[in-house]
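As provided, model.tsv (TSV, C-alpha atoms and all ligand atoms) reads as follows.
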chain	number	residue	atom	x	y	z
A	1	MET	CA	53.48	-24.28	-216.78
A	2	ARG	CA	52.55	-27.88	-217.33
A	3	LYS	CA	54.89	-30.06	-219.38
A	4	THR	CA	53.60	-31.23	-222.75
A	5	ILE	CA	54.57	-34.10	-225.03
A	6	PHE	CA	56.72	-31.58	-226.89
A	7	ASP	CA	58.71	-30.73	-223.75
A	8	ILE	CA	59.29	-34.44	-223.15
A	9	GLN	CA	60.33	-35.03	-226.76
A	10	LYS	CA	62.64	-32.02	-226.64
A	11	MET	CA	64.45	-33.63	-223.70
A	12	LYS	CA	65.50	-36.47	-225.97
A	13	LYS	CA	66.75	-34.04	-228.62
A	14	THR	CA	68.80	-32.09	-226.09
A	15	GLY	CA	70.15	-35.22	-224.39
A	16	HIS	CA	68.36	-34.48	-221.12
A	17	ARG	CA	67.39	-37.83	-219.57
A	18	ILE	CA	63.76	-38.19	-218.55
A	19	ALA	CA	62.83	-39.37	-215.05
A	20	MET	CA	59.27	-40.70	-214.98
A	21	LEU	CA	57.62	-42.00	-211.83
A	22	THR	CA	54.31	-43.61	-211.03
A	23	ALA	CA	51.80	-41.81	-208.81
A	24	TYR	CA	48.44	-43.12	-207.73
A	25	ASP	CA	46.89	-40.42	-205.58
A	26	TYR	CA	46.96	-36.78	-204.43
A	27	PRO	CA	49.92	-36.89	-202.01
A	28	SER	CA	52.15	-38.91	-204.32
A	29	ALA	CA	51.57	-36.42	-207.14
A	30	LEU	CA	52.33	-33.47	-204.83
A	31	ILE	CA	55.53	-35.05	-203.55
A	32	ALA	CA	56.76	-36.20	-206.97
A	33	GLU	CA	56.36	-32.69	-208.33
A	34	ARG	CA	58.09	-31.16	-205.32
A	35	ALA	CA	60.98	-33.45	-206.27
A	36	GLY	CA	60.94	-32.25	-209.88
A	37	VAL	CA	59.48	-35.23	-211.76
A	38	PRO	CA	58.49	-34.02	-215.24
A	39	MET	CA	56.24	-36.94	-216.23
A	40	LEU	CA	53.96	-38.98	-213.96
A	41	LEU	CA	52.40	-42.33	-214.76
A	42	VAL	CA	49.13	-43.36	-213.22
A	43	GLY	CA	50.09	-46.97	-213.78
A	44	ASP	CA	47.84	-49.97	-213.61
A	45	SER	CA	50.65	-51.31	-211.42
A	46	MET	CA	48.27	-49.90	-208.80
A	47	GLY	CA	46.66	-53.34	-209.02
A	48	MET	CA	49.71	-54.71	-207.26
A	49	VAL	CA	51.15	-51.90	-205.16
A	50	VAL	CA	47.93	-50.17	-204.09
A	51	GLN	CA	45.23	-52.83	-204.35
A	52	GLY	CA	47.32	-55.84	-203.36
A	53	TYR	CA	46.58	-58.10	-206.34
A	54	ASP	CA	49.21	-60.29	-208.00
A	55	THR	CA	48.79	-58.75	-211.45
A	56	THR	CA	47.43	-55.62	-213.18
A	57	ILE	CA	44.56	-57.61	-214.66
A	58	PRO	CA	41.88	-56.79	-212.03
A	59	VAL	CA	42.34	-53.03	-212.50
A	60	THR	CA	39.26	-51.48	-214.07
A	61	LEU	CA	38.67	-48.37	-216.10
A	62	GLU	CA	36.75	-47.01	-213.08
A	63	ASP	CA	39.85	-47.52	-210.91
A	64	MET	CA	42.00	-45.72	-213.46
A	65	ILE	CA	39.56	-42.82	-213.75
A	66	ARG	CA	39.27	-42.36	-210.00
A	67	HIS	CA	43.02	-42.51	-209.35
A	68	THR	CA	43.85	-40.26	-212.29
A	69	GLN	CA	41.48	-37.69	-210.77
A	70	MET	CA	43.40	-37.90	-207.49
A	71	VAL	CA	46.74	-37.47	-209.23
A	72	MET	CA	45.47	-34.55	-211.28
A	73	ARG	CA	44.32	-32.78	-208.11
A	74	GLY	CA	47.90	-32.98	-206.78
A	75	SER	CA	49.63	-32.24	-210.07
A	76	LYS	CA	50.33	-28.84	-211.58
A	77	THR	CA	53.45	-29.14	-213.69
A	78	SER	CA	54.03	-32.68	-214.94
A	79	LEU	CA	52.72	-34.50	-217.98
A	80	VAL	CA	50.31	-37.03	-216.49
A	81	VAL	CA	50.07	-40.25	-218.46
A	82	ALA	CA	47.50	-42.90	-217.48
A	83	ASP	CA	47.34	-46.57	-218.44
A	84	LEU	CA	44.40	-47.90	-220.38
A	85	PRO	CA	43.73	-51.05	-218.31
A	86	PHE	CA	43.29	-54.69	-219.32
A	87	LEU	CA	40.90	-55.32	-222.23
A	88	THR	CA	39.75	-51.72	-222.62
A	89	TYR	CA	41.40	-51.29	-226.03
A	90	GLY	CA	40.89	-54.63	-227.78
A	91	ASP	CA	39.41	-52.91	-230.81
A	92	GLU	CA	39.32	-49.33	-231.99
A	93	GLN	CA	35.77	-48.57	-230.88
A	94	THR	CA	36.33	-49.93	-227.38
A	95	ALA	CA	39.56	-47.97	-227.13
A	96	LEU	CA	37.87	-44.72	-228.15
A	97	VAL	CA	35.20	-45.14	-225.48
A	98	ALA	CA	37.79	-45.93	-222.78
A	99	ALA	CA	40.11	-43.12	-223.89
A	100	LYS	CA	37.26	-40.62	-223.83
A	101	ARG	CA	36.37	-41.55	-220.25
A	102	LEU	CA	39.95	-41.64	-218.96
A	103	MET	CA	40.67	-38.21	-220.44
A	104	GLN	CA	37.34	-36.46	-219.86
A	105	GLU	CA	36.41	-37.94	-216.47
A	106	GLY	CA	39.88	-38.83	-215.19
A	107	GLY	CA	41.66	-35.80	-216.60
A	108	ALA	CA	44.56	-37.81	-218.07
A	109	LEU	CA	46.74	-35.80	-220.45
A	110	ALA	CA	48.12	-38.84	-222.31
A	111	LEU	CA	47.37	-42.57	-222.38
A	112	LYS	CA	49.65	-45.60	-222.38
A	113	LEU	CA	48.73	-48.80	-224.23
A	114	GLU	CA	50.60	-52.12	-224.18
A	115	GLY	CA	51.50	-53.90	-227.39
A	116	GLY	CA	53.18	-53.59	-230.77
A	117	GLU	CA	52.03	-53.94	-234.37
A	118	GLN	CA	48.70	-55.48	-233.34
A	119	ILE	CA	47.58	-52.23	-231.67
A	120	VAL	CA	48.91	-49.91	-234.39
A	121	PRO	CA	45.44	-49.30	-235.94
A	122	THR	CA	44.16	-48.26	-232.52
A	123	VAL	CA	47.14	-45.99	-231.88
A	124	LYS	CA	46.63	-44.38	-235.30
A	125	LYS	CA	42.97	-43.79	-234.59
A	126	LEU	CA	43.59	-42.31	-231.14
A	127	THR	CA	46.41	-40.02	-232.24
A	128	ALA	CA	44.46	-38.89	-235.31
A	129	LEU	CA	41.68	-37.83	-232.96
A	130	GLY	CA	43.93	-35.86	-230.61
A	131	VAL	CA	44.94	-38.38	-227.94
A	132	PRO	CA	48.64	-38.35	-226.98
A	133	VAL	CA	49.63	-42.03	-226.87
A	134	MET	CA	52.58	-43.74	-225.25
A	135	GLY	CA	53.50	-47.28	-226.28
A	136	HIS	CA	54.74	-50.10	-224.02
A	137	LEU	CA	56.84	-52.99	-225.34
A	138	GLY	CA	58.88	-55.88	-223.98
A	139	PHE	CA	57.34	-57.32	-220.85
A	140	THR	CA	53.76	-56.06	-220.92
A	141	PRO	CA	52.18	-56.78	-217.52
A	142	GLN	CA	48.63	-57.08	-218.86
A	143	SER	CA	49.89	-60.25	-220.64
A	144	GLN	CA	51.64	-61.52	-217.53
A	145	LEU	CA	49.62	-64.75	-217.41
A	146	GLN	CA	50.66	-65.49	-220.98
A	147	GLN	CA	54.23	-64.10	-221.03
A	148	GLY	CA	55.37	-64.84	-217.49
A	149	VAL	CA	57.40	-62.18	-215.68
A	150	ARG	CA	60.66	-62.51	-217.56
A	151	VAL	CA	63.04	-60.59	-219.77
A	152	GLN	CA	61.68	-60.42	-223.31
A	153	ALA	CA	63.29	-60.35	-226.75
A	154	LYS	CA	66.59	-61.98	-225.92
A	155	GLU	CA	66.33	-64.12	-229.09
A	156	ILE	CA	67.11	-62.54	-232.42
A	157	GLU	CA	63.66	-63.01	-233.98
A	158	ASP	CA	61.90	-61.51	-230.95
A	159	ALA	CA	64.41	-58.66	-230.81
A	160	LYS	CA	63.82	-57.87	-234.51
A	161	GLN	CA	60.08	-57.93	-233.91
A	162	LEU	CA	60.44	-55.52	-231.00
A	163	ILE	CA	62.38	-53.08	-233.17
A	164	LYS	CA	59.64	-53.35	-235.82
A	165	ASP	CA	56.97	-52.79	-233.18
A	166	ALA	CA	58.74	-49.71	-231.83
A	167	LEU	CA	59.13	-48.19	-235.30
A	168	ALA	CA	55.49	-48.99	-236.08
A	169	LEU	CA	54.31	-47.26	-232.91
A	170	GLU	CA	56.39	-44.19	-233.73
A	171	LYS	CA	54.94	-44.12	-237.25
A	172	ALA	CA	51.42	-44.54	-235.85
A	173	GLY	CA	51.91	-41.32	-233.88
A	174	ALA	CA	53.00	-42.46	-230.41
A	175	PHE	CA	54.93	-39.69	-228.62
A	176	GLY	CA	57.08	-42.11	-226.63
A	177	VAL	CA	57.45	-45.76	-225.73
A	178	VAL	CA	58.12	-47.66	-222.53
A	179	LEU	CA	60.56	-50.58	-222.83
A	180	GLU	CA	60.15	-53.02	-219.94
A	181	LEU	CA	62.44	-55.96	-219.12
A	182	VAL	CA	64.39	-56.11	-222.36
A	183	PRO	CA	68.14	-56.56	-222.82
A	184	ALA	CA	70.00	-53.26	-222.36
A	185	GLN	CA	71.73	-53.63	-225.74
A	186	LEU	CA	68.41	-53.97	-227.55
A	187	ALA	CA	66.88	-51.01	-225.68
A	188	LYS	CA	69.88	-48.90	-226.69
A	189	ILE	CA	69.49	-49.86	-230.35
A	190	VAL	CA	65.77	-49.05	-230.24
A	191	SER	CA	66.50	-45.72	-228.54
A	192	GLU	CA	68.92	-44.81	-231.32
A	193	LYS	CA	66.51	-45.86	-234.08
A	194	LEU	CA	63.54	-43.91	-232.74
A	195	THR	CA	63.13	-40.16	-232.82
A	196	ILE	CA	60.57	-40.36	-229.98
A	197	PRO	CA	61.85	-40.98	-226.43
A	198	THR	CA	62.18	-44.47	-224.98
A	199	ILE	CA	61.46	-44.82	-221.28
A	200	GLY	CA	63.06	-47.90	-219.75
A	201	ILE	CA	62.28	-50.06	-216.77
A	202	GLY	CA	64.64	-52.96	-216.47
A	203	ALA	CA	65.96	-51.98	-219.89
A	204	GLY	CA	69.35	-50.48	-219.06
A	205	ALA	CA	70.88	-47.01	-219.15
A	206	GLY	CA	70.71	-46.59	-222.93
A	207	CYS	CA	67.08	-45.46	-222.87
A	208	ASP	CA	66.16	-41.79	-223.14
A	209	GLY	CA	64.47	-41.97	-219.76
A	210	GLN	CA	63.56	-44.28	-216.93
A	211	VAL	CA	60.34	-45.08	-215.13
A	212	GLN	CA	60.07	-46.54	-211.66
A	213	VAL	CA	57.19	-47.62	-209.48
A	214	TRP	CA	56.64	-45.31	-206.48
A	215	HIS	CA	56.57	-48.10	-203.88
A	216	ASP	CA	59.73	-49.76	-205.24
A	217	LEU	CA	61.80	-46.55	-205.35
A	218	LEU	CA	60.76	-45.53	-201.84
A	219	GLY	CA	61.22	-48.94	-200.24
A	220	ILE	CA	57.66	-49.22	-198.94
A	221	PHE	CA	57.37	-53.01	-198.86
A	222	ASP	CA	59.75	-55.19	-196.90
A	223	SER	CA	59.59	-57.78	-199.69
A	224	LYS	CA	58.39	-57.60	-203.29
A	225	THR	CA	61.15	-55.39	-204.74
A	226	PRO	CA	61.81	-56.51	-208.32
A	227	ARG	CA	65.35	-56.78	-209.60
A	228	HIS	CA	65.03	-53.84	-212.00
A	229	ALA	CA	64.17	-51.48	-209.12
A	230	ARG	CA	66.44	-49.71	-206.68
A	231	ARG	CA	65.24	-48.80	-203.20
A	232	PHE	CA	66.46	-45.20	-203.00
A	233	THR	CA	65.29	-45.10	-199.39
A	234	GLU	CA	63.47	-47.21	-196.78
A	235	ILE	CA	60.23	-45.32	-196.26
A	236	GLY	CA	58.39	-48.47	-195.16
A	237	ALA	CA	60.77	-48.87	-192.22
A	238	GLU	CA	60.39	-45.14	-191.40
A	239	MET	CA	56.60	-45.51	-191.44
A	240	VAL	CA	56.72	-48.51	-189.13
A	241	LYS	CA	59.04	-46.63	-186.76
A	242	ALA	CA	56.76	-43.58	-186.59
A	243	ILE	CA	53.57	-45.60	-186.15
A	244	HIS	CA	55.20	-47.80	-183.54
A	245	GLN	CA	56.16	-44.69	-181.60
A	246	TYR	CA	52.59	-43.41	-181.84
A	247	VAL	CA	51.26	-46.71	-180.46
A	248	SER	CA	53.79	-46.65	-177.59
A	249	GLU	CA	53.02	-43.04	-176.66
A	250	VAL	CA	49.26	-43.62	-176.65
A	251	GLU	CA	49.77	-46.68	-174.49
A	252	ALA	CA	52.08	-44.75	-172.13
A	253	GLY	CA	49.75	-41.73	-171.94
A	254	GLN	CA	52.40	-39.50	-173.58
A	255	PHE	CA	50.24	-38.61	-176.58
A	256	PRO	CA	48.38	-36.32	-176.91
A	257	THR	CA	49.87	-33.45	-174.88
A	258	ASP	CA	48.47	-29.95	-174.34
A	259	ALA	CA	49.96	-28.99	-177.70
A	260	GLN	CA	47.48	-31.28	-179.49
A	261	SER	CA	44.55	-30.41	-177.22
A	262	ALA	CA	42.04	-27.58	-176.86
A	263	SER	CA	40.91	-26.09	-173.54
A	264	MET	CA	38.06	-24.06	-172.10
A	265	PRO	CA	38.20	-21.27	-169.43
A	266	ALA	CA	38.82	-22.54	-165.88
A	267	GLU	CA	35.55	-21.07	-164.58
A	268	ASN	CA	33.59	-23.15	-167.10
A	269	VAL	CA	35.35	-26.26	-165.90
A	270	GLN	CA	34.39	-25.30	-162.34
A	271	LYS	CA	30.74	-24.94	-163.31
A	272	LEU	CA	30.76	-28.33	-165.02
A	273	LEU	CA	32.17	-29.94	-161.90
A	274	ASN	CA	29.60	-28.28	-159.56
B	1	LIG	O1	51.85	-49.58	-214.49
B	1	LIG	C1	53.06	-49.24	-214.45
B	1	LIG	O2	53.60	-48.86	-213.40
B	1	LIG	C2	53.81	-49.29	-215.70
B	1	LIG	C3	55.28	-49.03	-215.63
B	1	LIG	C4	55.97	-50.17	-214.97
B	1	LIG	C5	55.83	-48.73	-216.96
B	1	LIG	O3	53.23	-49.55	-216.71
B	2	NA	NA	51.14	-50.34	-216.51

Take the structure in the file and give it back as C-alpha cells.
Amino acid sequence: MRKTIFDIQKMKKTGHRIAMLTAYDYPSALIAERAGVPMLLVGDSMGMVVQGYDTTIPVTLEDMIRHTQMVMRGSKTSLVVADLPFLTYGDEQTALVAAKRLMQEGGALALKLEGGEQIVPTVKKLTALGVPVMGHLGFTPQSQLQQGVRVQAKEIEDAKQLIKDALALEKAGAFGVVLELVPAQLAKIVSEKLTIPTIGIGAGAGCDGQVQVWHDLLGIFDSKTPRHARRFTEIGAEMVKAIHQYVSEVEAGQFPTDAQSASMPAENVQKLLN
C-alpha cells in the first residue's frame, strides 16, 4: 500500500521520525524503497546533482514532469512529492496550470512550493482543489541568487517571520513543511508549534523528519558535499573502482569471458571457416 499524507502526518503524532530522500529516476526510486524510505522528493536539486548546474533555477516544468514519471515507475509504496520549479507558481493561475501538469503528466502525488506568507493564497487554492502541498521555508534554493546560500532566520525578526510563515502555511492547508538551513533551536520551536510535520535539512534534530539529497548521502561526488549533509557511504569511489576494473580487464583481454558470450555449434564454425 502506498503511503499517504495521512500516514506521514500520523508519524508525527506517534513520534516516529520521518526519513525523506530525494530520487530523480527509476533506479533511485527502486533502491530508496528497498531501503524503506516512506517519502520521496523529486527535488529540483536535480538541477545541480543531475544536470550539473550551479542552482535549481534552470530546472523546467518539463524536466520535473519527465523525472517524476521515472520515479513513479520505480515507486510503489512511498509518498512521492515533486517540486514545482522556479517561476511556475508566481500567481494562482500559473500555479494551477503547473500543478495540473506535474500531477497528471508526471504522476506526482504531492507538490512542494518554496515561500511563506506570500504564497499562502496559492497554497489555499491548490489545497482547496485537492492538491497535497508541502511548504519549504528558511533557505529556499530558488531564491539562491537573492538570498545567498546561508543559514536563514538567525535574527529575531526573521525568526519571528519564519514562525508566522510556517503557521500560515499550516492554516492554508499544507500537509508538511521543509525547513532548510535554519538554526536548530528555531526549527525545534516551529516543530512544536505546528501540528503538521516539519522536515529538516540543515535544521537540526528537533524536526519531525529529515530530508537529504541522494548524491550527498551516498557520497557520489568527490567534492560538493554541503555541511548539512553526511556521506553515509562512498558510492562515488566504489563506482570509480568498478569502472576502472572494467577498463583494465577490457584492455587486458580479460573481459568478456565465455560466461558473457554466446556460441554456435562447432560444425557451423567449421563451415564458416571453409
Ligand atoms: O530539491 C531538493 O532536493 C529540496 C530539498 C533539499 C528539500 O528541495
Ligand atoms: Na527543491

- Message: Could you list, as a PyMOL selection string, every residue within 12 Å of A:Gly148, counting all atoms listed in the file and ignoring same-chain residues fewer than 3 positions away?
- Response: chain A and resi 55+138-145+151-152+181

- Name the residues in contact with A:Ala35 at a cut-off of 12 Å, using all atoms listed in the file, excluding same-chain residues fewer than 6 positions from it; report them as number ranges by chain. A: 19-21, 28-29, 77-78

- Return as a PyMOL selection string every polymer residue, whether protein, DNA or RNA, with at least one atom no more than 6 Å from an atom of ligand NA 2 (chain B); count all atoms listed in the file. chain A and resi 43-45+83

- List all protein, DNA and RNA residues that have an atom no more than 7 Å from any atom of ligand LIG 1 (chain B), counting only C-alpha atoms and all ligand atoms, and report them as a PyMOL selection string. chain A and resi 22+41-46+83+178+180+201+211-213

- Query: In terms of the shortest atom-to-atom distance over all atoms listed in the file, which of A:Arg101, A:Arg66, A:Leu137, A:Ala266 is closest to A:Gln161?
  - Reply: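 Distance minimum relative to A:Gln161 lands on A:Leu137.
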
- All residues 10 Å or closer to A:Gln185, only C-alpha atoms, same chain fewer than 4 positions away omitted, as a list in words: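 So the residues in contact are Lys154, Ile189, Val190, Ser191, Ala203, Gly204, Ala205, Gly206 and Cys207 of chain A.
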
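You can rank A:Gly202, A:Pro38, A:Gly74, A:Gly236 by their closest distance to A:His215 using only C-alpha atoms, and at the top of that list sits A:Gly236.
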
- Query: Counting only C-alpha atoms, which of A:Ala184, A:Leu273, A:Ala128, A:Val120 gets nearest to A:Leu167?
  - Reply: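 Distance minimum relative to A:Leu167 lands on A:Val120.
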
- Item | Counting only C-alpha atoms, the residue of A:Leu194, A:Val247, A:Ala98, A:Val59 that sits nearest A:Glu170 | A:Leu194

- Task: Give the answer as one residue: which of A:Leu272, A:Ala168, A:Met39, A:Met48 has the shortest atom-to-atom distance to A:Ala108, using only C-alpha atoms?
- Result: A:Met39

- Message: Let me make sure I understand: among A:Pro256, A:Gly200, A:Pro183, A:Gly176, which one has the smallest atom-to-atom distance to A:Met11 if we use all atoms listed in the file?
- Response: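 Residue with the minimum atom-to-atom distance to A:Met11: A:Gly176.
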
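Distance-wise, atom CA of A:His136 and atom CA of A:Ala82 end up 12.1 Å apart.
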
- Message: Could you list, as a list in words, every residue within 10 Å of A:Ile220, counting all atoms listed in the file and ignoring same-chain residues fewer than 2 positions away?
- Response: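 Counting only the stated atoms, we get Val49, Trp214, His215, Asp216, Leu217, Leu218, Asp222, Ser223, Lys224, Thr225, Arg231, Thr233, Glu234, Ile235, Gly236, Ala237, Glu238, Met239 and Val240 of chain A.
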
- Mind checking which residues fall within 12 Å of A:Lys100, counting all atoms listed in the file, ignoring those fewer than 2 positions away in the same chain, and posting them as a ChimeraX atom specification? /A:61,65,84,88-89,93-98,102-111,126,129-131

- Item | Atomic separation - atom CA of A:Gln9 relative to atom CA of A:Ile163, Å |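 Distance between the two atoms: 19.3 Å.
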
- Task: Kindly extract all protein, DNA and RNA residues lying within 12 Å of the coordinates (64.7, -37.0, -227.5) given in the file, considering only C-alpha atoms, and supply them as JSON, numbers by chain.
- Result: {"A": [5, 6, 7, 8, 9, 10, 11, 12, 13, 14, 15, 16, 17, 18, 175, 176, 177, 191, 192, 193, 194, 195, 196, 197, 198, 199, 207, 208, 209]}

Calculate, to one decimal in Å, the centre and edge lengths of the box along x, y and z of the file that holds all listed atoms of stretch 219-236 of chain A with 5 Å of margin on each side, and present them as AutoDock Vina command-line options.
--center_x 61.9 --center_y -51.4 --center_z -203.6 --size_x 19.1 --size_y 22.7 --size_z 26.8

- Task: To one decimal in Å, tell me the separation between atom CA of A:Ala174 and atom CA of A:Ala229.
- Result: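 Interatomic distance, atom CA of A:Ala174 to atom CA of A:Ala229: 25.7 Å.
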